[in-house]
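Participant: Quick one: the structure is below, questions incoming.
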Amino acid sequence: MILDGTGGHRVVRHRADRADFTINTYHRTMREAADLAYTLRERLLEDLPGTVAGGGLVLDVDEVHSPFFLADMTSGEYRYVAAIALYLTEAGL
């Protein structure tokens, strides 16, 4: 899996930010790549909100687009690509 930050913006002045990420999941077979991508999707959407990491509280996770197959012509591996947005604030506010 490769997680790339792709941008974001301030949502509420001095209170909350949005961080955008693209997620690339790879595996040896298309089925395994799809299973990995959709398992990760479920964990991010269901389990990540409410957690604290590095002093930041994850308020919510928004699915920008669900996983879809996109061939990786360089590696030859099966790849699924998805995008999420994290809504964050400082923990303890």
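The chains in the structure tokens are called A, B, ... from first to last as shown; in each chain the residues are counted from 1, and the ligands are counted from 1 in the order shown.
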For range 53-68 of chain A, work out the shell of residues within 6 Å, counting only C-alpha atoms and skipping chain neighbours fewer than 2 positions away, then give it as a list of chain:residue names.
Facilitator: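 Neighbouring residues, sequence-local ones excluded: A:Leu45, A:Pro49, A:Gly50, A:Thr51, A:Tyr80, A:Val81, A:Ala82, A:Ala83, A:Ile84, A:Ala85, A:Leu86, A:Tyr87, A:Leu88, A:Thr89, A:Glu90, A:Ala91.
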Participant: As JSON, numbers by chain, please: the residues near Arg79 in chain A (cut-off 7 Å, only C-alpha atoms, same-chain neighbours under 4 positions excluded).
Facilitator: {"A": [24, 25, 26, 27, 33, 69, 70, 71, 72]}
Participant: Would you mind reading off the distance between CA of Met30 in chain A and CA of Ser75 in chain A, one decimal, in Å?
Facilitator: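 Taking CA of Met30 in chain A as the start and CA of Ser75 in chain A as the end point, the length is 13.7 Å.
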Participant: So which one's closest to Arg41 in chain A, A:Ile23, A:Ala16, A:Val11, A:Met73? Using only C-alpha atoms, please.
Facilitator: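 Under the stated criterion, the closest residue is A:Ile23.
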Participant: Determine which residues of chain A DSSP labels as alpha helix (DSSP H) from the backbone of this structure, then write them out as a PyMOL selection string.
Facilitator: chain A and resi 30-47
Participant: Calculate how many Å separate CA of Met1 in chain A from CA of Tyr78 in chain A, rounding to one decimal.
Facilitator: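 Distance between the two atoms: 11.4 Å.
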Participant: Write down as a list of chain:residue names the residues belonging to range 22-59 of chain A that are assigned strand (DSSP E) by DSSP computed on the backbone.
Facilitator: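 Filtering range 22-59 of chain A down to strand (DSSP E) leaves A:Thr22, A:Ile23, A:Asn24, A:Thr25, A:Tyr26, A:His27, A:Val52, A:Ala53, A:Gly56, A:Leu57, A:Val58, A:Leu59.
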